[in-house]
>>> print(open('upload.csv').read())   # CSV, C-alpha atoms
chain,number,residue,atom,x,y,z
A,1,MET,CA,44.4,118.9,-35.2
A,2,THR,CA,41.5,116.5,-35.4
A,3,LEU,CA,40.7,115.1,-38.8
A,4,PRO,CA,37.2,116.0,-40.2
A,5,THR,CA,34.4,113.5,-40.7
A,6,PRO,CA,34.0,112.9,-44.4
A,7,SER,CA,30.9,114.0,-46.4
A,8,GLN,CA,28.5,111.6,-47.9
A,9,THR,CA,25.5,112.0,-50.2
A,10,VAL,CA,22.0,112.9,-48.7
A,11,GLY,CA,20.7,110.0,-50.8
A,12,PRO,CA,17.2,109.7,-52.2
A,13,PHE,CA,15.3,109.5,-48.9
A,14,PHE,CA,16.3,112.7,-47.1
A,15,SER,CA,12.7,113.9,-47.0
A,16,ILE,CA,12.3,111.6,-43.9
A,17,GLY,CA,14.6,113.9,-42.0
A,18,LEU,CA,15.2,117.3,-43.6
A,19,PRO,CA,12.3,119.2,-45.1
A,20,TYR,CA,9.9,120.8,-42.7
A,21,GLU,CA,6.8,122.9,-42.9
A,22,GLY,CA,7.7,126.5,-43.3
A,23,GLY,CA,11.3,125.6,-44.4
A,24,PRO,CA,11.0,127.4,-47.7
A,25,GLU,CA,9.6,130.5,-46.0
A,26,VAL,CA,12.5,132.7,-44.9
A,27,VAL,CA,9.8,135.3,-44.4
A,28,PRO,CA,6.0,134.8,-44.2
A,29,PRO,CA,4.4,134.9,-47.6
A,30,ASP,CA,2.4,138.0,-46.6
A,31,HIS,CA,5.5,140.0,-45.7
A,32,PRO,CA,5.2,143.3,-47.5
A,33,ASP,CA,8.6,142.9,-49.2
A,34,ALA,CA,8.4,139.2,-49.9
A,35,ILE,CA,9.9,137.9,-53.1
A,36,ARG,CA,9.7,134.4,-54.5
A,37,VAL,CA,13.0,132.9,-55.7
A,38,GLY,CA,13.0,129.5,-57.3
A,39,GLY,CA,13.9,127.4,-60.3
A,40,ARG,CA,14.6,123.9,-61.4
A,41,VAL,CA,17.6,121.6,-60.9
A,42,PHE,CA,19.0,119.7,-63.9
A,43,ASP,CA,21.6,117.0,-64.3
A,44,GLY,CA,24.2,116.5,-67.1
A,45,ASP,CA,21.7,114.8,-69.4
A,46,GLY,CA,19.3,117.8,-69.0
A,47,GLU,CA,17.0,115.7,-66.9
A,48,ILE,CA,15.2,117.3,-64.0
A,49,VAL,CA,16.5,116.4,-60.5
A,50,ASN,CA,13.4,115.7,-58.4
A,51,ASP,CA,15.4,114.6,-55.3
A,52,ALA,CA,17.6,117.6,-54.6
A,53,LEU,CA,17.5,119.8,-51.5
A,54,ILE,CA,18.3,123.5,-51.8
A,55,GLU,CA,19.3,125.5,-48.8
A,56,THR,CA,19.8,129.3,-48.7
A,57,TRP,CA,21.5,131.7,-46.4
A,58,GLN,CA,21.4,135.4,-46.5
A,59,ALA,CA,21.7,138.8,-44.8
A,60,ASN,CA,18.6,140.9,-44.0
A,61,PRO,CA,17.6,143.9,-46.2
A,62,ALA,CA,20.1,146.1,-44.3
A,63,GLY,CA,22.9,143.7,-45.0
A,64,ARG,CA,23.3,142.2,-41.5
A,65,TYR,CA,23.6,138.5,-40.8
A,66,ASP,CA,21.8,137.0,-37.8
A,67,HIS,CA,24.9,135.4,-36.5
A,68,PRO,CA,27.4,136.1,-33.7
A,69,GLU,CA,30.2,136.5,-36.2
A,70,ASP,CA,28.5,139.6,-37.7
A,71,THR,CA,29.3,142.1,-34.9
A,72,ARG,CA,28.2,145.2,-36.7
A,73,GLU,CA,25.8,146.3,-34.0
A,74,GLU,CA,25.1,149.6,-35.8
A,75,ILE,CA,23.1,147.7,-38.4
A,76,ALA,CA,19.8,146.4,-36.9
A,77,LEU,CA,18.7,142.8,-37.2
A,78,SER,CA,15.1,142.2,-38.4
A,79,ASP,CA,12.6,140.8,-35.9
A,80,GLY,CA,12.0,137.1,-36.6
A,81,PHE,CA,14.3,137.1,-39.6
A,82,HIS,CA,17.1,134.4,-39.5
A,83,GLY,CA,18.0,134.2,-43.1
A,84,PHE,CA,17.8,130.4,-43.6
A,85,GLY,CA,15.7,128.7,-46.2
A,86,ARG,CA,15.3,125.0,-47.1
A,87,SER,CA,13.3,123.6,-50.1
A,88,PRO,CA,13.3,120.1,-51.5
A,89,THR,CA,12.8,119.9,-55.3
A,90,ASP,CA,9.4,118.6,-56.4
A,91,GLU,CA,8.4,116.1,-59.1
A,92,GLU,CA,9.2,118.6,-61.8
A,93,GLY,CA,12.6,119.4,-60.3
A,94,GLY,CA,11.4,122.7,-59.0
A,95,TYR,CA,12.2,124.5,-55.7
A,96,GLU,CA,11.1,127.8,-54.4
A,97,ILE,CA,11.8,130.0,-51.3
A,98,VAL,CA,10.0,133.1,-50.1
A,99,THR,CA,12.3,135.7,-48.8
A,100,VAL,CA,13.3,139.4,-48.9
A,101,LYS,CA,16.2,140.8,-51.0
A,102,PRO,CA,19.3,141.0,-48.8
A,103,GLY,CA,21.4,144.2,-48.5
A,104,ALA,CA,25.0,144.4,-49.6
A,105,VAL,CA,27.6,143.0,-47.2
A,106,PRO,CA,31.3,143.8,-46.8
A,107,HIS,CA,34.2,141.9,-48.4
A,108,PRO,CA,37.4,141.2,-46.5
A,109,ASP,CA,39.4,143.1,-49.1
A,110,GLY,CA,37.3,146.2,-48.3
A,111,GLY,CA,34.3,147.5,-50.2
A,112,LEU,CA,31.0,145.8,-50.5
A,113,GLN,CA,29.8,142.6,-52.2
A,114,ALA,CA,26.7,142.8,-54.4
A,115,PRO,CA,23.5,141.6,-52.7
A,116,HIS,CA,23.5,137.8,-52.9
A,117,ILE,CA,22.1,134.7,-51.5
A,118,GLU,CA,24.3,131.7,-50.6
A,119,VAL,CA,22.9,128.5,-52.1
A,120,ALA,CA,23.8,125.0,-51.1
A,121,VAL,CA,22.8,122.0,-53.2
A,122,PHE,CA,22.4,118.5,-51.9
A,123,ALA,CA,21.1,115.5,-53.9
A,124,ARG,CA,21.4,111.8,-54.5
A,125,GLY,CA,24.6,111.4,-56.6
A,126,VAL,CA,26.1,114.5,-55.0
A,127,LEU,CA,28.7,113.3,-52.5
A,128,LYS,CA,29.4,116.7,-51.0
A,129,MET,CA,27.5,120.0,-50.6
A,130,LEU,CA,27.7,122.1,-53.8
A,131,VAL,CA,28.0,125.8,-53.0
A,132,THR,CA,26.9,128.6,-55.3
A,133,ARG,CA,25.5,132.1,-55.1
A,134,LEU,CA,22.4,133.8,-56.5
A,135,TYR,CA,22.8,137.5,-57.6
A,136,PHE,CA,20.1,139.9,-58.5
A,137,PRO,CA,19.2,141.2,-62.0
A,138,ASP,CA,18.5,144.7,-60.9
A,139,GLU,CA,22.1,145.2,-59.5
A,140,ALA,CA,24.1,145.3,-62.7
A,141,GLU,CA,26.5,147.9,-61.4
A,142,ALA,CA,27.2,146.2,-58.1
A,143,ASN,CA,27.4,142.8,-59.8
A,144,GLU,CA,30.0,144.2,-62.1
A,145,ALA,CA,32.1,145.2,-59.1
A,146,ASP,CA,31.6,142.1,-57.1
A,147,PRO,CA,34.9,140.3,-56.2
A,148,VAL,CA,33.3,136.8,-56.0
A,149,LEU,CA,31.6,137.1,-59.4
A,150,ALA,CA,34.9,138.4,-60.8
A,151,ALA,CA,36.6,135.2,-59.8
A,152,ILE,CA,34.4,133.3,-62.4
A,153,PRO,CA,35.3,133.3,-66.1
A,154,ALA,CA,33.2,136.1,-67.7
A,155,GLU,CA,31.2,133.8,-69.9
A,156,ARG,CA,29.9,131.8,-66.9
A,157,ARG,CA,28.9,134.8,-64.7
A,158,ASP,CA,25.4,135.2,-66.1
A,159,ALA,CA,24.5,131.7,-64.8
A,160,LEU,CA,24.6,133.2,-61.2
A,161,VAL,CA,22.3,136.2,-61.9
A,162,ALA,CA,18.6,135.3,-61.5
A,163,ARG,CA,16.1,136.4,-64.1
A,164,GLU,CA,12.8,138.0,-63.4
A,165,GLU,CA,10.0,135.9,-64.9
A,166,GLY,CA,6.3,135.9,-64.0
A,167,GLY,CA,6.6,137.8,-60.8
A,168,ARG,CA,9.4,135.8,-59.4
A,169,LEU,CA,13.1,135.4,-59.7
A,170,VAL,CA,14.2,132.3,-61.5
A,171,PHE,CA,17.5,130.7,-60.6
A,172,ASP,CA,17.9,127.3,-62.4
A,173,ILE,CA,20.8,125.1,-61.2
A,174,ARG,CA,22.6,122.9,-63.8
A,175,LEU,CA,24.8,120.4,-62.1
A,176,GLN,CA,26.8,119.4,-65.2
A,177,GLY,CA,27.3,120.2,-68.9
A,178,GLU,CA,25.8,122.9,-71.1
A,179,GLY,CA,25.3,126.1,-69.0
A,180,GLU,CA,26.7,124.4,-65.9
A,181,THR,CA,26.2,126.5,-62.7
A,182,PRO,CA,29.5,127.7,-61.4
A,183,PHE,CA,30.2,126.2,-58.0
A,184,PHE,CA,32.6,127.6,-55.4
A,185,ASP,CA,35.5,126.0,-53.5
A,186,VAL,CA,35.0,127.8,-50.2
B,187,MET,CA,38.1,137.2,-38.2
B,188,ASN,CA,39.6,133.8,-39.1
B,189,GLY,CA,38.2,131.7,-42.0
B,190,TYR,CA,37.7,127.9,-41.9
B,191,THR,CA,40.3,125.4,-42.9
B,192,ARG,CA,39.9,123.7,-46.3
B,193,ASP,CA,41.4,120.5,-45.1
B,194,ASN,CA,39.0,117.7,-45.6
B,195,ALA,CA,38.7,114.0,-46.3
B,196,ASP,CA,35.6,114.4,-48.6
B,197,PRO,CA,35.0,112.2,-51.6
B,198,PRO,CA,35.4,113.6,-55.1
B,199,TYR,CA,32.2,114.8,-56.9
B,200,LEU,CA,32.8,112.3,-59.7
B,201,PHE,CA,33.1,108.7,-58.4
B,202,PRO,CA,32.0,106.6,-61.4
B,203,ASP,CA,31.4,103.4,-59.4
B,204,TYR,CA,28.6,105.3,-57.8
B,205,LYS,CA,26.6,105.7,-61.0
B,206,ALA,CA,24.5,108.7,-60.1
B,207,THR,CA,27.6,110.9,-59.8
B,208,GLN,CA,28.2,110.4,-63.5
B,209,THR,CA,25.5,112.9,-64.5
B,210,ARG,CA,25.4,114.9,-61.2
B,211,SER,CA,29.0,116.0,-60.7
B,212,PRO,CA,30.2,119.3,-62.0
B,213,SER,CA,32.5,119.0,-65.1
B,214,GLN,CA,34.1,122.3,-64.4
B,215,PRO,CA,36.5,122.8,-61.5
B,216,LEU,CA,35.1,124.5,-58.5
B,217,VAL,CA,36.0,128.2,-58.5
B,218,PRO,CA,38.2,129.0,-55.5
B,219,VAL,CA,37.1,132.1,-53.6
B,220,ALA,CA,38.0,133.8,-50.3
B,221,GLN,CA,35.6,133.2,-47.4
B,222,THR,CA,33.7,136.3,-46.6
B,223,LEU,CA,31.1,137.2,-43.9
B,224,SER,CA,28.6,135.3,-46.0
B,225,GLU,CA,30.5,132.0,-45.6
B,226,VAL,CA,31.7,132.3,-42.0
B,227,THR,CA,28.2,133.1,-40.8
B,228,GLY,CA,25.4,130.5,-41.1
B,229,PRO,CA,22.2,129.0,-39.8
B,230,VAL,CA,23.6,127.7,-36.5
B,231,TYR,CA,20.4,126.5,-34.9
B,232,GLY,CA,18.3,125.7,-37.9
B,233,ASP,CA,15.1,127.5,-37.8
B,234,ARG,CA,12.5,125.6,-35.7
B,235,PRO,CA,12.4,124.4,-32.2
B,236,VAL,CA,13.5,120.9,-31.2
B,237,GLY,CA,10.8,118.9,-29.4
B,238,GLU,CA,11.5,117.0,-26.2
B,239,LEU,CA,11.1,113.6,-27.9
B,240,ASP,CA,12.6,114.4,-31.3
B,241,HIS,CA,15.8,112.6,-30.3
B,242,ASP,CA,13.9,109.4,-29.6
B,243,LEU,CA,12.9,107.6,-32.8
B,244,THR,CA,11.3,104.8,-30.8
B,245,ARG,CA,8.7,107.0,-29.2
B,246,GLN,CA,7.0,108.7,-32.1
B,247,HIS,CA,4.0,106.3,-32.2
B,248,GLU,CA,1.7,104.4,-29.8
B,249,GLY,CA,3.7,101.2,-30.0
B,250,GLU,CA,7.4,100.5,-30.2
B,251,PRO,CA,9.2,99.8,-33.4
B,252,ILE,CA,10.5,96.3,-34.2
B,253,GLY,CA,14.3,95.9,-34.1
B,254,GLU,CA,17.4,96.1,-32.1
B,255,ARG,CA,17.1,99.2,-29.8
B,256,ILE,CA,20.2,101.3,-29.7
B,257,ILE,CA,21.6,104.4,-28.1
B,258,LEU,CA,23.6,106.5,-30.5
B,259,HIS,CA,25.7,109.2,-28.9
B,260,GLY,CA,28.9,111.2,-29.3
B,261,ARG,CA,30.4,114.6,-29.4
B,262,VAL,CA,30.6,117.2,-32.2
B,263,MET,CA,33.9,118.9,-32.3
B,264,ASP,CA,35.8,121.4,-34.5
B,265,GLY,CA,39.2,120.7,-36.1
B,266,ASP,CA,40.9,121.7,-32.9
B,267,GLY,CA,39.0,119.3,-30.8
B,268,ARG,CA,36.8,121.9,-29.2
B,269,PRO,CA,33.1,121.1,-28.6
B,270,VAL,CA,30.6,122.5,-31.0
B,271,LYS,CA,27.8,123.6,-28.7
B,272,GLY,CA,24.1,124.0,-29.4
B,273,THR,CA,24.3,122.9,-33.0
B,274,LEU,CA,21.4,121.1,-34.7
B,275,ILE,CA,21.8,117.4,-35.7
B,276,GLU,CA,19.2,115.8,-38.0
B,277,VAL,CA,19.1,112.1,-38.7
B,278,TRP,CA,17.1,109.8,-41.0
B,279,GLN,CA,17.3,106.1,-41.6
B,280,ALA,CA,15.7,102.9,-42.8
B,281,ASN,CA,13.8,100.7,-40.4
B,282,SER,CA,15.2,97.4,-39.0
B,283,ALA,CA,14.1,95.6,-42.2
B,284,GLY,CA,16.0,98.0,-44.4
B,285,ARG,CA,12.9,99.8,-45.6
B,286,TYR,CA,12.6,103.6,-45.8
B,287,ARG,CA,9.3,105.3,-45.2
B,288,HIS,CA,9.4,107.0,-48.6
B,289,SER,CA,7.2,107.1,-51.7
B,290,ARG,CA,10.1,106.3,-54.0
B,291,GLU,CA,11.3,103.3,-52.0
B,292,LEU,CA,11.2,100.1,-54.0
B,293,HIS,CA,12.5,97.5,-51.6
B,294,PRO,CA,9.7,95.0,-50.8
B,295,ALA,CA,10.5,94.8,-47.1
B,296,PRO,CA,7.8,95.6,-44.5
B,297,LEU,CA,7.1,99.1,-43.3
B,298,ASP,CA,6.9,99.4,-39.5
B,299,PRO,CA,3.8,101.3,-38.4
B,300,ASN,CA,5.7,102.4,-35.3
B,301,PHE,CA,8.8,103.8,-37.1
B,302,ASP,CA,9.2,106.9,-39.3
B,303,GLY,CA,13.0,107.1,-39.2
B,304,GLY,CA,13.6,110.8,-38.6
B,305,GLY,CA,15.0,112.6,-35.6
B,306,ARG,CA,16.7,115.8,-34.4
B,307,THR,CA,18.5,117.1,-31.4
B,308,LEU,CA,20.8,119.9,-30.3
B,309,THR,CA,24.3,119.3,-28.9
B,310,ASP,CA,24.8,120.3,-25.3
B,311,ASP,CA,27.4,122.7,-23.8
B,312,GLN,CA,30.1,120.0,-24.2
B,313,GLY,CA,29.1,119.2,-27.8
B,314,ASN,CA,27.4,116.0,-26.8
B,315,TYR,CA,24.4,114.5,-28.4
B,316,ARG,CA,22.2,111.4,-27.9
B,317,PHE,CA,19.6,109.6,-29.9
B,318,VAL,CA,17.5,106.5,-29.2
B,319,THR,CA,16.6,104.5,-32.2
B,320,ILE,CA,16.7,101.0,-33.7
B,321,LYS,CA,19.5,99.6,-35.8
B,322,PRO,CA,18.7,100.1,-39.5
B,323,GLY,CA,18.8,97.1,-41.8
B,324,ALA,CA,20.8,96.8,-45.0
B,325,TYR,CA,18.9,97.3,-48.3
B,326,PRO,CA,19.3,96.6,-52.0
B,327,TRP,CA,19.7,99.4,-54.6
B,328,GLY,CA,20.0,99.5,-58.4
B,329,ASN,CA,23.6,100.8,-58.7
B,330,HIS,CA,25.1,97.5,-59.9
B,331,HIS,CA,24.2,93.8,-59.9
B,332,ASN,CA,23.2,92.6,-56.4
B,333,ALA,CA,24.2,95.9,-54.9
B,334,TRP,CA,23.4,96.5,-51.2
B,335,ARG,CA,24.0,99.5,-49.1
B,336,ALA,CA,25.9,98.8,-45.9
B,337,ALA,CA,23.6,99.7,-42.9
B,338,HIS,CA,23.9,103.4,-42.1
B,339,ILE,CA,22.2,106.4,-40.5
B,340,HIS,CA,22.2,109.7,-42.4
B,341,ILE,CA,23.4,112.6,-40.3
B,342,SER,CA,23.2,116.3,-41.1
B,343,LEU,CA,24.9,119.1,-39.1
B,344,PHE,CA,25.2,122.8,-39.4
B,345,GLY,CA,28.1,123.8,-37.2
B,346,PRO,CA,29.0,127.4,-36.6
B,347,ALA,CA,29.1,128.6,-40.3
B,348,PHE,CA,27.7,128.1,-43.8
B,349,VAL,CA,31.0,126.3,-44.7
B,350,THR,CA,30.9,123.9,-41.7
B,351,ARG,CA,27.7,122.4,-42.9
B,352,LEU,CA,28.1,118.6,-43.1
B,353,VAL,CA,25.9,115.8,-44.4
B,354,THR,CA,27.4,112.4,-43.8
B,355,GLN,CA,26.4,108.7,-43.2
B,356,MET,CA,27.4,106.7,-40.1
B,357,TYR,CA,28.1,103.0,-40.6
B,358,PHE,CA,28.3,100.1,-38.1
B,359,PRO,CA,31.5,98.2,-37.2
B,360,GLY,CA,32.3,95.0,-39.1
B,361,ASP,CA,29.6,95.4,-41.7
B,362,PRO,CA,30.1,92.6,-44.3
B,363,LEU,CA,28.8,94.8,-47.1
B,364,PHE,CA,31.5,97.5,-47.0
B,365,HIS,CA,33.6,96.0,-49.7
B,366,GLN,CA,30.9,96.5,-52.4
B,367,ASP,CA,29.4,99.8,-51.3
B,368,PRO,CA,30.6,102.6,-53.7
B,369,ILE,CA,29.2,105.4,-51.5
B,370,PHE,CA,31.2,104.2,-48.6
B,371,HIS,CA,34.3,103.8,-50.8
B,372,SER,CA,33.9,107.2,-52.5
B,373,VAL,CA,36.0,108.3,-49.5
B,374,ARG,CA,39.3,107.1,-50.8
B,375,SER,CA,41.4,106.3,-47.8
B,376,GLU,CA,40.7,103.6,-45.3
B,377,ARG,CA,41.8,105.9,-42.5
B,378,ASP,CA,39.2,108.4,-43.6
B,379,ARG,CA,36.5,105.8,-44.1
B,380,ASP,CA,37.2,104.6,-40.5
B,381,ARG,CA,36.0,107.9,-39.2
B,382,MET,CA,32.5,107.2,-40.6
B,383,ILE,CA,32.2,104.0,-38.6
B,384,CYS,CA,30.8,104.2,-35.1
B,385,GLY,CA,32.2,102.2,-32.2
B,386,PHE,CA,30.4,99.8,-29.9
B,387,ASP,CA,30.3,101.4,-26.5
B,388,LEU,CA,29.6,99.1,-23.6
B,389,SER,CA,29.8,102.0,-21.1
B,390,GLU,CA,26.6,103.6,-22.5
B,391,THR,CA,24.6,100.5,-22.9
B,392,ILE,CA,21.5,100.2,-20.7
B,393,PRO,CA,21.3,96.8,-19.0
B,394,GLU,CA,18.4,94.7,-20.1
B,395,TRP,CA,17.2,97.5,-22.5
B,396,ALA,CA,19.6,98.8,-25.2
B,397,LEU,CA,23.1,98.5,-26.7
B,398,ALA,CA,25.0,101.7,-27.4
B,399,TYR,CA,27.3,103.0,-30.1
B,400,ARG,CA,29.5,106.1,-30.0
B,401,PHE,CA,30.1,108.3,-33.0
B,402,ASP,CA,32.2,111.5,-32.7
B,403,ILE,CA,31.8,114.0,-35.5
B,404,VAL,CA,34.5,116.5,-36.5
B,405,LEU,CA,33.6,119.7,-38.4
B,406,ARG,CA,35.9,122.0,-40.2
B,407,GLY,CA,38.0,124.1,-37.9
B,408,ARG,CA,39.4,127.6,-38.0
B,409,GLU,CA,42.4,128.7,-39.9
B,410,ALA,CA,45.3,129.8,-37.6
B,411,THR,CA,45.6,133.2,-39.3
B,412,PRO,CA,43.0,135.9,-39.9
B,413,MET,CA,41.3,135.9,-43.3
B,414,VAL,CA,41.7,139.6,-43.9
B,415,HIS,CA,44.4,140.1,-46.5
>>> encode(input="upload.csv", output="structure tokens")
Amino acid sequence: MTLPTPSQTVGPFFSIGLPYEGGPEVVPPDHPDAIRVGGRVFDGDGEIVNDALIETWQANPAGRYDHPEDTREEIALSDGFHGFGRSPTDEEGGYEIVTVKPGAVPHPDGGLQAPHIEVAVFARGVLKMLVTRLYFPDEAEANEADPVLAAIPAERRDALVAREEGGRLVFDIRLQGEGETPFFDV
Amino acid sequence: MNGYTRDNADPPYLFPDYKATQTRSPSQPLVPVAQTLSEVTGPVYGDRPVGELDHDLTRQHEGEPIGERIILHGRVMDGDGRPVKGTLIEVWQANSAGRYRHSRELHPAPLDPNFDGGGRTLTDDQGNYRFVTIKPGAYPWGNHHNAWRAAHIHISLFGPAFVTRLVTQMYFPGDPLFHQDPIFHSVRSERDRDRMICGFDLSETIPEWALAYRFDIVLRGREATPMVH
């Protein structure tokens, strides 16, 4: 067993190396099913975090991941769709990705998970990737049955369901304190 | 399908000596959940092609950057010592004067017109990678009185899964600033900190051209037993 390399913060200057043109576009903005998903990142004082990096990972609309580990050949991959998004926050602490709604994917206990997007948060002052999930507001029934959401205390679950606002899905991330986003140990 | 081990040497989210963690660390414990297909898959290759010269930070401009030219190379492995092939590595760093090319950078050291400080590459079939760059300088920051970051290069890797994603910093051997750098010391054991320090590597130096450092990187490995339960 080889010991893992420890994590460190991305620091304040990651824009030199990480963001890239088209990074926030999981699908082209003119894709017929494109949705915009975004929000703002806040710290424990309620101040905006203008130096965070948000990364997203998701299945395609049929619920298939573009990855060798997803061996369900019977579900087609989507041409040109890889499922990865990357958006730094701007001066107002905002991020946004353009994507399509993922399909449901299986859970190892059997059954399906509600459609969701994996979300990773990096920032100055964050020493290790924070992992959370975005769920969809039009999936109340599936969300109710989702085993990952069920692991969160009931009063905190709403923080992981995006809200529809002005033609986009809003998913704010609160790193600490009032309304804190639940983060996962995975 | 086997999940990924949770063994790690990572720092805590709250490390008060590093001031920014005081308002940016979760106050609630992380919610433990089983790894599912969503966590054991991931963006292995990133999402854009790597250019032929993206690994060489000294050749992004007409002229050469000022500073000590170095080769930075090593191998990316999983927890069982197996190579992680074809995975994207992204790096960013200050120039030789300790100045980042960034609008929020306040350090009054000179910018280098021939150095941007960003690079990328893919590991080869043996998990090996290689960058050419210049040695970054130390720089001051506002964390505490007379605070200086030990010289470092930021390194970002994907690995085979969403949960193997790693962002770290690589330090240089014998840096006199280690003792007062809370980001370095947020990793609590010396044995673990040592794995963030590269080694001088005479065998890869290029005579009359560049010194070399080796930095091997270990990502989370697989659990021994299947995750289905």
>>> closest_residue(input="upload.csv", among="B:Tyr357, B:Trp334, B:Phe370, B:Tyr325", to="chain A", atoms="only C-alpha atoms")
B:Phe370
>>> closest_residue(input="upload.csv", among="B:His293, B:Arg400, B:Arg408, B:Arg381", to="chain A", atoms="only C-alpha atoms")
B:Arg381
>>> closest_atom_pairs(input="upload.csv", of="chain A", to="chain B", cutoff="8 Å", atoms="all atoms listed in the file", output="tab-separated table")
residue	atom	partner	partner_atom	distance
A:Met1	CA	B:Asp266	CA	5.0
A:Thr2	CA	B:Gly265	CA	4.8
A:Leu3	CA	B:Gly265	CA	6.4
A:Pro4	CA	B:Val404	CA	4.6
A:Thr5	CA	B:Val404	CA	5.2
A:Pro6	CA	B:Asp196	CA	4.7
A:Ser7	CA	B:Thr354	CA	4.6
A:Gln8	CA	B:Thr354	CA	4.3
A:Thr9	CA	B:Thr354	CA	6.7
A:Val10	CA	B:Val353	CA	6.5
A:Phe13	CA	B:His288	CA	6.4
A:Phe14	CA	B:Trp278	CA	6.8
A:Ser15	CA	B:His288	CA	7.8
A:Ile16	CA	B:Gly304	CA	5.5
A:Gly17	CA	B:Gly304	CA	4.7
A:Leu18	CA	B:Glu276	CA	7.0
A:Gly23	CA	B:Asp233	CA	7.8
A:Asp43	CA	B:Arg210	CA	5.3
A:Gly44	CA	B:Thr209	CA	4.6
A:Asp45	CA	B:Thr209	CA	6.5
A:Trp57	CA	B:Gly228	CA	6.7
A:Gln58	CA	B:Ser224	CA	7.2
A:Ala59	CA	B:Ser224	CA	7.8
A:Tyr65	CA	B:Thr227	CA	7.1
A:His67	CA	B:Thr227	CA	5.9
A:Pro68	CA	B:Thr227	CA	7.7
A:Glu69	CA	B:Thr227	CA	6.1
A:Asp70	CA	B:Leu223	CA	7.1
A:His82	CA	B:Asp233	CA	7.4
A:Gly83	CA	B:Pro229	CA	7.5
A:Phe84	CA	B:Pro229	CA	6.0
A:Val105	CA	B:Leu223	CA	7.5
A:Pro106	CA	B:Leu223	CA	7.2
A:His107	CA	B:Thr222	CA	5.9
A:Pro108	CA	B:Val414	CA	5.3
A:Asp109	CA	B:His415	CA	6.4
A:Glu118	CA	B:Ser224	CA	7.3
A:Arg124	CA	B:Ala206	CA	7.1
A:Gly125	CA	B:Thr207	CA	4.4
A:Val126	CA	B:Thr207	CA	6.2
A:Leu127	CA	B:Tyr199	CA	5.8
A:Lys128	CA	B:Tyr199	CA	6.8
A:Met129	CA	B:Leu352	CA	7.7
A:Val148	CA	B:Val219	CA	6.5
A:Ala151	CA	B:Val219	CA	6.9
A:Ile152	CA	B:Val217	CA	6.6
A:Leu175	CA	B:Pro212	CA	5.5
A:Gln176	CA	B:Pro212	CA	4.7
A:Gly177	CA	B:Ser213	CA	6.6
A:Glu180	CA	B:Pro212	CA	7.3
A:Pro182	CA	B:Leu216	CA	7.1
A:Phe183	CA	B:Leu216	CA	5.2
A:Phe184	CA	B:Val217	CA	4.6
A:Asp185	CA	B:Pro218	CA	4.5
A:Val186	CA	B:Val219	CA	5.9
>>> atom_distance(input="upload.csv", atom1="atom CA of Ala337 of chain B", atom2="atom CA of Thr89 of chain A")
26.0 Å
>>> atom_distance(input="upload.csv", atom1="atom CA of Glu390 of chain B", atom2="atom CA of Leu258 of chain B")
9.0 Å
>>> atom_distance(input="upload.csv", atom1="atom CA of Leu112 of chain A", atom2="atom CA of Ala145 of chain A")
8.7 Å
>>> closest_residue(input="upload.csv", among="A:Gly46, A:Ile35, A:Val26, A:Gly111", to="Phe136 of chain A", atoms="all atoms listed in the file")
A:Ile35
>>> closest_atom_pairs(input="upload.csv", of="segment 9-68 of chain A", to="segment 154-173 of chain A", cutoff="9 Å", atoms="only C-alpha atoms", output="JSON lines")
{"residue": "A:Ile35", "atom": "CA", "partner": "A:Arg168", "partner_atom": "CA", "distance": 6.7}
{"residue": "A:Arg36", "atom": "CA", "partner": "A:Arg168", "partner_atom": "CA", "distance": 5.1}
{"residue": "A:Val37", "atom": "CA", "partner": "A:Leu169", "partner_atom": "CA", "distance": 4.7}
{"residue": "A:Gly38", "atom": "CA", "partner": "A:Val170", "partner_atom": "CA", "distance": 5.2}
{"residue": "A:Gly39", "atom": "CA", "partner": "A:Asp172", "partner_atom": "CA", "distance": 4.5}
{"residue": "A:Arg40", "atom": "CA", "partner": "A:Asp172", "partner_atom": "CA", "distance": 4.8}
{"residue": "A:Val41", "atom": "CA", "partner": "A:Ile173", "partner_atom": "CA", "distance": 4.8}
{"residue": "A:Phe42", "atom": "CA", "partner": "A:Ile173", "partner_atom": "CA", "distance": 6.3}
{"residue": "A:Asp43", "atom": "CA", "partner": "A:Ile173", "partner_atom": "CA", "distance": 8.7}
>>> closest_residue(input="upload.csv", among="B:Pro296, B:Cys384, B:His365, B:His371", to="His338 of chain B", atoms="all atoms listed in the file")
B:Cys384
>>> closest_residue(input="upload.csv", among="A:Pro32, A:Gly94, A:Ile117, A:Pro61", to="Thr132 of chain A", atoms="all atoms listed in the file")
A:Ile117
>>> residues_near_point(input="upload.csv", point="(44.3, 135.0, -35.3)", cutoff="8 Å", atoms="all atoms listed in the file", output="VMD selection string")
chain B and resid 187 to 188 410 to 412
>>> decode(input="upload.csv", residues="segment 255-268 of chain B", atoms="C-alpha atoms", output="mmCIF file, in the first residue's frame")
data_model
loop_
_atom_site.group_PDB
_atom_site.id
_atom_site.type_symbol
_atom_site.label_atom_id
_atom_site.label_comp_id
_atom_site.auth_asym_id
_atom_site.auth_seq_id
_atom_site.Cartn_x
_atom_site.Cartn_y
_atom_site.Cartn_z
ATOM 1 C CA ARG B 255 15.291 26.263 -15.544
ATOM 2 C CA ILE B 256 14.127 22.929 -14.150
ATOM 3 C CA ILE B 257 12.738 19.609 -15.314
ATOM 4 C CA LEU B 258 9.878 18.432 -13.109
ATOM 5 C CA HIS B 259 8.953 14.820 -13.634
ATOM 6 C CA GLY B 260 7.578 11.804 -11.841
ATOM 7 C CA ARG B 261 5.013 9.056 -11.873
ATOM 8 C CA VAL B 262 1.333 9.086 -10.951
ATOM 9 C CA MET B 263 0.275 5.914 -9.146
ATOM 10 C CA ASP B 264 -2.739 4.536 -7.355
ATOM 11 C CA GLY B 265 -2.661 3.274 -3.774
ATOM 12 C CA ASP B 266 -1.364 -0.109 -4.918
ATOM 13 C CA GLY B 267 1.566 1.433 -6.744
ATOM 14 C CA ARG B 268 0.066 0.829 -10.186
#
